[in-house]
file my_file.txt (compact mmCIF, C-alpha atoms)
# COMPACT_ATOMS: atom_id res chain seq x y z
CA MET A 1 -42.25 8.45 -47.95
CA ARG A 2 -45.90 9.37 -47.99
CA GLU A 3 -46.74 6.20 -46.08
CA ALA A 4 -43.92 6.73 -43.59
CA ILE A 5 -45.04 10.30 -42.90
CA ALA A 6 -48.63 9.15 -42.44
CA ARG A 7 -47.48 6.43 -40.00
CA ALA A 8 -45.43 8.92 -38.01
CA ASP A 9 -48.25 11.44 -37.76
CA LEU A 10 -50.12 10.92 -34.49
CA GLY A 11 -51.79 14.31 -34.78
CA ASP A 12 -49.17 16.77 -33.58
CA GLY A 13 -47.24 16.85 -36.83
CA VAL A 14 -44.15 15.32 -38.37
CA VAL A 15 -40.54 16.43 -38.67
CA VAL A 16 -38.86 14.97 -41.74
CA LEU A 17 -35.09 14.63 -42.05
CA ALA A 18 -33.49 13.92 -45.38
CA ASP A 19 -29.92 12.96 -46.22
CA LEU A 20 -29.00 14.65 -49.49
CA GLY A 21 -30.15 15.42 -53.00
CA SER A 22 -33.07 13.48 -54.40
CA SER A 23 -34.54 12.64 -51.00
CA ILE A 24 -34.98 16.35 -50.38
CA LEU A 25 -36.53 16.89 -53.79
CA THR A 26 -38.92 14.00 -53.19
CA VAL A 27 -40.05 15.28 -49.78
CA ARG A 28 -40.54 18.75 -51.20
CA HIS A 29 -42.61 17.31 -54.00
CA LEU A 30 -44.75 15.41 -51.48
CA LEU A 31 -45.28 18.53 -49.39
CA GLU A 32 -46.21 20.81 -52.28
CA GLY A 33 -49.42 22.63 -51.48
CA LYS A 34 -49.31 21.45 -47.84
CA ALA A 35 -47.27 24.29 -46.41
CA ASN A 36 -49.22 24.61 -43.15
CA GLY A 37 -46.26 23.62 -40.98
CA HIS A 38 -47.85 20.37 -39.80
CA ILE A 39 -45.24 18.37 -41.73
CA ARG A 40 -41.82 19.96 -41.79
CA LEU A 41 -38.71 19.16 -43.73
CA VAL A 42 -35.86 20.42 -41.55
CA ASP A 43 -32.35 21.29 -42.63
CA ALA A 44 -30.34 19.25 -40.14
CA PRO A 45 -27.46 16.76 -39.95
CA PHE A 46 -29.03 13.39 -40.73
CA VAL A 47 -27.80 11.16 -37.90
CA GLU A 48 -27.32 13.71 -35.14
CA GLY A 49 -30.53 15.52 -36.06
CA ALA A 50 -32.51 12.29 -36.07
CA VAL A 51 -31.22 11.29 -32.62
CA ALA A 52 -31.92 14.73 -31.16
CA ALA A 53 -35.39 14.89 -32.73
CA ALA A 54 -36.29 11.33 -31.67
CA VAL A 55 -35.42 12.00 -28.03
CA MET A 56 -37.39 15.25 -27.97
CA SER A 57 -40.34 13.67 -29.72
CA SER A 58 -40.45 10.63 -27.44
CA ALA A 59 -40.37 12.99 -24.45
CA GLY A 60 -43.57 14.59 -25.72
CA GLN A 61 -42.05 17.93 -26.72
CA SER A 62 -43.75 20.24 -29.22
CA LEU A 63 -43.25 20.07 -32.98
CA ASP A 64 -41.35 23.39 -32.79
CA ASP A 65 -38.98 22.02 -30.14
CA VAL A 66 -38.44 18.76 -32.02
CA ALA A 67 -37.61 20.67 -35.21
CA LYS A 68 -35.33 23.06 -33.34
CA ALA A 69 -33.43 20.21 -31.67
CA ALA A 70 -32.77 18.68 -35.09
CA GLU A 71 -31.60 21.98 -36.53
CA ASP A 72 -29.45 22.78 -33.49
CA ALA A 73 -27.60 19.48 -34.01
CA ARG A 74 -25.59 21.25 -36.69
CA GLY A 75 -23.58 23.09 -34.06
CA ALA A 76 -23.09 20.15 -31.71
CA SER A 77 -19.67 18.65 -31.01
CA LYS A 78 -19.46 14.86 -30.77
CA PHE A 79 -16.91 14.79 -27.96
CA MET B 80 -22.58 7.08 -12.35
CA PRO B 81 -23.02 3.41 -11.52
CA GLU B 82 -20.00 1.25 -12.32
CA GLY B 83 -20.20 -0.36 -15.74
CA VAL B 84 -22.76 2.05 -17.19
CA ALA B 85 -21.65 4.77 -19.59
CA LEU B 86 -23.80 7.63 -20.83
CA HIS B 87 -24.07 6.22 -24.34
CA ALA B 88 -27.16 6.76 -26.47
CA ARG B 89 -29.78 4.77 -24.58
CA PRO B 90 -28.92 5.70 -20.99
CA ALA B 91 -28.34 9.29 -22.13
CA ALA B 92 -31.79 9.35 -23.71
CA THR B 93 -33.31 8.15 -20.43
CA PHE B 94 -31.44 10.88 -18.58
CA VAL B 95 -32.44 13.63 -21.04
CA LYS B 96 -36.08 12.56 -21.06
CA THR B 97 -36.11 12.81 -17.28
CA ALA B 98 -34.67 16.34 -17.46
CA LEU B 99 -37.28 17.32 -20.06
CA ARG B 100 -40.07 16.63 -17.55
CA PHE B 101 -39.10 19.78 -15.66
CA ARG B 102 -39.31 23.46 -16.51
CA SER B 103 -36.05 24.33 -14.76
CA LYS B 104 -32.84 24.89 -16.64
CA VAL B 105 -30.73 21.84 -15.83
CA THR B 106 -27.06 21.28 -16.49
CA VAL B 107 -24.77 18.33 -16.03
CA GLY B 108 -21.05 18.80 -15.52
CA LEU B 109 -18.10 16.49 -15.84
CA ASN B 110 -14.43 17.40 -15.55
CA GLY B 111 -15.11 21.10 -15.81
CA ARG B 112 -17.37 20.78 -18.86
CA VAL B 113 -21.02 21.69 -18.52
CA ALA B 114 -23.79 20.41 -20.78
CA ASP B 115 -27.49 21.22 -21.13
CA ALA B 116 -29.15 18.19 -19.53
CA LYS B 117 -32.06 18.54 -22.00
CA SER B 118 -29.83 18.10 -25.05
CA ILE B 119 -29.05 14.50 -25.95
CA LEU B 120 -26.12 15.54 -28.16
CA ALA B 121 -24.61 17.71 -25.44
CA VAL B 122 -24.98 14.93 -22.87
CA LEU B 123 -23.46 12.34 -25.22
CA ALA B 124 -20.52 14.65 -25.93
CA LEU B 125 -19.58 14.57 -22.24
CA GLY B 126 -18.51 10.96 -22.75
CA ALA B 127 -19.32 10.04 -19.16
CA VAL B 128 -18.23 6.53 -18.25
CA GLY B 129 -19.23 4.33 -15.33
CA GLY B 130 -18.06 5.33 -11.90
CA THR B 131 -17.50 9.00 -12.70
CA VAL B 132 -19.05 11.84 -10.76
CA LEU B 133 -21.55 14.06 -12.56
CA ARG B 134 -22.34 17.49 -11.18
CA LEU B 135 -26.04 18.27 -11.59
CA SER B 136 -27.34 21.80 -11.32
CA ALA B 137 -30.88 23.13 -11.72
CA GLU B 138 -32.37 26.57 -11.74
CA GLY B 139 -36.11 27.27 -11.62
CA GLU B 140 -39.25 26.73 -9.63
CA ASP B 141 -39.10 22.92 -9.86
CA ALA B 142 -35.32 22.71 -9.44
CA PRO B 143 -35.38 20.55 -6.27
CA ASP B 144 -37.72 18.04 -7.91
CA ALA B 145 -35.59 18.01 -11.07
CA LEU B 146 -32.42 17.30 -9.10
CA ALA B 147 -34.09 14.56 -7.08
CA ALA B 148 -35.46 12.90 -10.22
CA LEU B 149 -32.16 13.12 -12.10
CA THR B 150 -30.11 11.85 -9.17
CA SER B 151 -32.42 8.89 -8.90
CA CYS B 152 -32.33 8.42 -12.68
CA VAL B 153 -28.53 8.34 -12.80
CA SER B 154 -28.15 5.95 -9.88
CA GLY B 155 -30.69 3.63 -11.50
CA LEU B 156 -29.21 3.63 -15.00
CA VAL B 157 -28.57 0.25 -16.55
CA ASP B 158 -26.43 -0.47 -19.59
call {"tool": "encode", "arguments": {"input": "my_file.txt", "output": "structure tokens"}}
result
Amino acid sequence: MREAIARADLGDGVVVLADLGSSILTVRHLLEGKANGHIRLVDAPFVEGAVAAAVMSSAGQSLDDVAKAAEDARGASKF
Amino acid sequence: MPEGVALHARPAATFVKTALRFRSKVTVGLNGRVADAKSILAVLALGAVGGTVLRLSAEGEDAPDALAALTSCVSGLVD
């Protein structure tokens, strides 16, 4: 996870999505003492949040907007 | 929409990324439903299939440019 986060970080920060349970604990452990908001674990649906965040990120949107898109996926209907 | 091209994940991402280039609020409507054109999940939920008519609407200082870019984007979508 540490390597993946480092690879994803091009300077503007990283939004991390986790599925359930131990993955969340592991990310939290990795981020301990680094609570400056540059790397964010967001509480979002895994698949829908990842798609929403990836589109926002690839469109060059801010870290805040990427994180918000992932979180907002919780309220999205699929059809 | 061009025949044979549905707004599934990849074309929808192209569409949303085009909308994200503009400051205007942009919506896309289909069969009476209206979605935020800057939200991939909202656009996917429309379930637009090839040959259907999308109603684009933009509000803001760059609205004409946004509509022109999105119209061109939709007509040029490939599967």
call {"tool": "interface_residues", "arguments": {"input": "my_file.txt", "of": "chain B", "to": "chain A", "cutoff": "7 Å", "atoms": "all atoms listed in the file", "output": "list in words"}}
result
Ala92, Lys96, Leu99, Ile119, Leu120, Ala121, Ala124, Leu125 and Gly126 of chain B
call {"tool": "atom_distance", "arguments": {"input": "my_file.txt", "atom1": "atom CA of Asp19 of chain A", "atom2": "atom CA of Ala70 of chain A"}}
result
12.8 Å
call {"tool": "axis_aligned_box", "arguments": {"input": "my_file.txt", "around": "segment 67-73 of chain A", "padding_each_side": "6 Å", "output": "JSON"}}
result
{"center_x": -32.6, "center_y": 20.9, "center_z": -34.1, "size_x": 22.0, "size_y": 16.4, "size_z": 16.9}
call {"tool": "atom_distance", "arguments": {"input": "my_file.txt", "atom1": "atom CA of Val16 of chain A", "atom2": "atom CA of Lys104 of chain B"}}
result
27.7 Å
call {"tool": "atom_distance", "arguments": {"input": "my_file.txt", "atom1": "atom CA of Val107 of chain B", "atom2": "atom CA of Ala50 of chain A"}}
result
22.3 Å
call {"tool": "residues_around", "arguments": {"input": "my_file.txt", "residues": "Gly108 of chain B", "least_positions_apart": "5", "cutoff": "7 Å", "atoms": "all atoms listed in the file", "output": "list in words"}}
result
Val113, Ala114, Leu133, Arg134 and Leu135 of chain B
call {"tool": "closest_residue", "arguments": {"input": "my_file.txt", "among": "B:Val132, B:Ala142, B:Ala127, B:Ala137", "to": "Val84 of chain B", "atoms": "all atoms listed in the file"}}
result
B:Ala127
call {"tool": "residues_around", "arguments": {"input": "my_file.txt", "residues": "segment 80-83 of chain B", "least_positions_apart": "4", "cutoff": "7 Å", "atoms": "all atoms listed in the file", "output": "PyMOL selection string"}}
result
chain B and resi 129-132+153-154
call {"tool": "residues_around", "arguments": {"input": "my_file.txt", "residues": "Leu31 of chain A", "least_positions_apart": "5", "cutoff": "9 Å", "atoms": "only C-alpha atoms", "output": "list in words"}}
result
Thr26, Ile39, Arg40 and Leu41 of chain A
call {"tool": "residues_around", "arguments": {"input": "my_file.txt", "residues": "Asp158 of chain B", "least_positions_apart": "3", "cutoff": "9 Å", "atoms": "only C-alpha atoms", "output": "list in words"}}
result
Gly83, Val84, Ala85, Leu86, His87, Arg89 and Pro90 of chain B
call {"tool": "closest_residue", "arguments": {"input": "my_file.txt", "among": "B:Gly155, B:Phe94, B:Ala88, B:Ser136", "to": "Leu109 of chain B", "atoms": "all atoms listed in the file"}}
result
B:Ser136
call {"tool": "closest_residue", "arguments": {"input": "my_file.txt", "among": "B:Val105, B:Val128, B:Leu123, B:Ala91", "to": "Ala145 of chain B", "atoms": "all atoms listed in the file"}}
result
B:Val105
call {"tool": "residues_around", "arguments": {"input": "my_file.txt", "residues": "Val27 of chain A", "least_positions_apart": "6", "cutoff": "12 Å", "atoms": "all atoms listed in the file", "output": "ChimeraX atom specification"}}
result
/A:1-5,15-21,34,39-42
call {"tool": "write_last_selection", "arguments": {"input": "my_file.txt", "atoms": "C-alpha atoms", "output": "tab-separated table (two decimals), keeping the file's coordinate frame"}}
result
chain	number	residue	atom	x	y	z
A	1	MET	CA	-42.25	8.45	-47.95
A	2	ARG	CA	-45.90	9.37	-47.99
A	3	GLU	CA	-46.74	6.20	-46.08
A	4	ALA	CA	-43.92	6.73	-43.59
A	5	ILE	CA	-45.04	10.30	-42.90
A	15	VAL	CA	-40.54	16.43	-38.67
A	16	VAL	CA	-38.86	14.97	-41.74
A	17	LEU	CA	-35.09	14.63	-42.05
A	18	ALA	CA	-33.49	13.92	-45.38
A	19	ASP	CA	-29.92	12.96	-46.22
A	20	LEU	CA	-29.00	14.65	-49.49
A	21	GLY	CA	-30.15	15.42	-53.00
A	34	LYS	CA	-49.31	21.45	-47.84
A	39	ILE	CA	-45.24	18.37	-41.73
A	40	ARG	CA	-41.82	19.96	-41.79
A	41	LEU	CA	-38.71	19.16	-43.73
A	42	VAL	CA	-35.86	20.42	-41.55
call {"tool": "closest_residue", "arguments": {"input": "my_file.txt", "among": "B:Ala148, B:Thr97, B:Val157, B:Glu140", "to": "Lys117 of chain B", "atoms": "all atoms listed in the file"}}
result
B:Thr97
call {"tool": "build_atoms", "arguments": {"input": "my_file.txt", "residues": "segment 53-67 of chain A", "atoms": "N, CA and C atoms", "output": "JSON list (two decimals), in the coordinates of the input"}}
result
[["chain", "number", "residue", "atom", "x", "y", "z"],
["A", 53, "ALA", "N", -33.95, 14.75, -32.51],
["A", 53, "ALA", "CA", -35.39, 14.89, -32.73],
["A", 53, "ALA", "C", -36.15, 13.72, -32.10],
["A", 54, "ALA", "N", -35.59, 12.51, -32.20],
["A", 54, "ALA", "CA", -36.29, 11.33, -31.67],
["A", 54, "ALA", "C", -36.42, 11.42, -30.14],
["A", 55, "VAL", "N", -35.36, 11.89, -29.49],
["A", 55, "VAL", "CA", -35.42, 12.00, -28.03],
["A", 55, "VAL", "C", -36.45, 13.06, -27.63],
["A", 56, "MET", "N", -36.43, 14.20, -28.30],
["A", 56, "MET", "CA", -37.39, 15.25, -27.97],
["A", 56, "MET", "C", -38.82, 14.79, -28.23],
["A", 57, "SER", "N", -39.00, 14.13, -29.36],
["A", 57, "SER", "CA", -40.34, 13.67, -29.72],
["A", 57, "SER", "C", -40.86, 12.63, -28.73],
["A", 58, "SER", "N", -40.00, 11.68, -28.35],
["A", 58, "SER", "CA", -40.45, 10.63, -27.44],
["A", 58, "SER", "C", -40.67, 11.18, -26.03],
["A", 59, "ALA", "N", -40.12, 12.36, -25.75],
["A", 59, "ALA", "CA", -40.37, 12.99, -24.45],
["A", 59, "ALA", "C", -41.61, 13.88, -24.51],
["A", 60, "GLY", "N", -42.31, 13.86, -25.63],
["A", 60, "GLY", "CA", -43.57, 14.59, -25.72],
["A", 60, "GLY", "C", -43.42, 16.08, -25.96],
["A", 61, "GLN", "N", -42.26, 16.50, -26.47],
["A", 61, "GLN", "CA", -42.05, 17.93, -26.72],
["A", 61, "GLN", "C", -42.80, 18.38, -27.98],
["A", 62, "SER", "N", -42.95, 19.70, -28.10],
["A", 62, "SER", "CA", -43.75, 20.24, -29.22],
["A", 62, "SER", "C", -43.04, 20.06, -30.55],
["A", 63, "LEU", "N", -43.81, 20.18, -31.62],
["A", 63, "LEU", "CA", -43.25, 20.07, -32.98],
["A", 63, "LEU", "C", -42.14, 21.11, -33.18],
["A", 64, "ASP", "N", -42.37, 22.32, -32.68],
["A", 64, "ASP", "CA", -41.35, 23.39, -32.79],
["A", 64, "ASP", "C", -40.05, 22.96, -32.11],
["A", 65, "ASP", "N", -40.18, 22.41, -30.90],
["A", 65, "ASP", "CA", -38.98, 22.02, -30.14],
["A", 65, "ASP", "C", -38.26, 20.83, -30.78],
["A", 66, "VAL", "N", -39.05, 19.91, -31.34],
["A", 66, "VAL", "CA", -38.44, 18.76, -32.02],
["A", 66, "VAL", "C", -37.65, 19.25, -33.24],
["A", 67, "ALA", "N", -38.27, 20.14, -34.02],
["A", 67, "ALA", "CA", -37.61, 20.67, -35.21],
["A", 67, "ALA", "C", -36.36, 21.45, -34.83]]
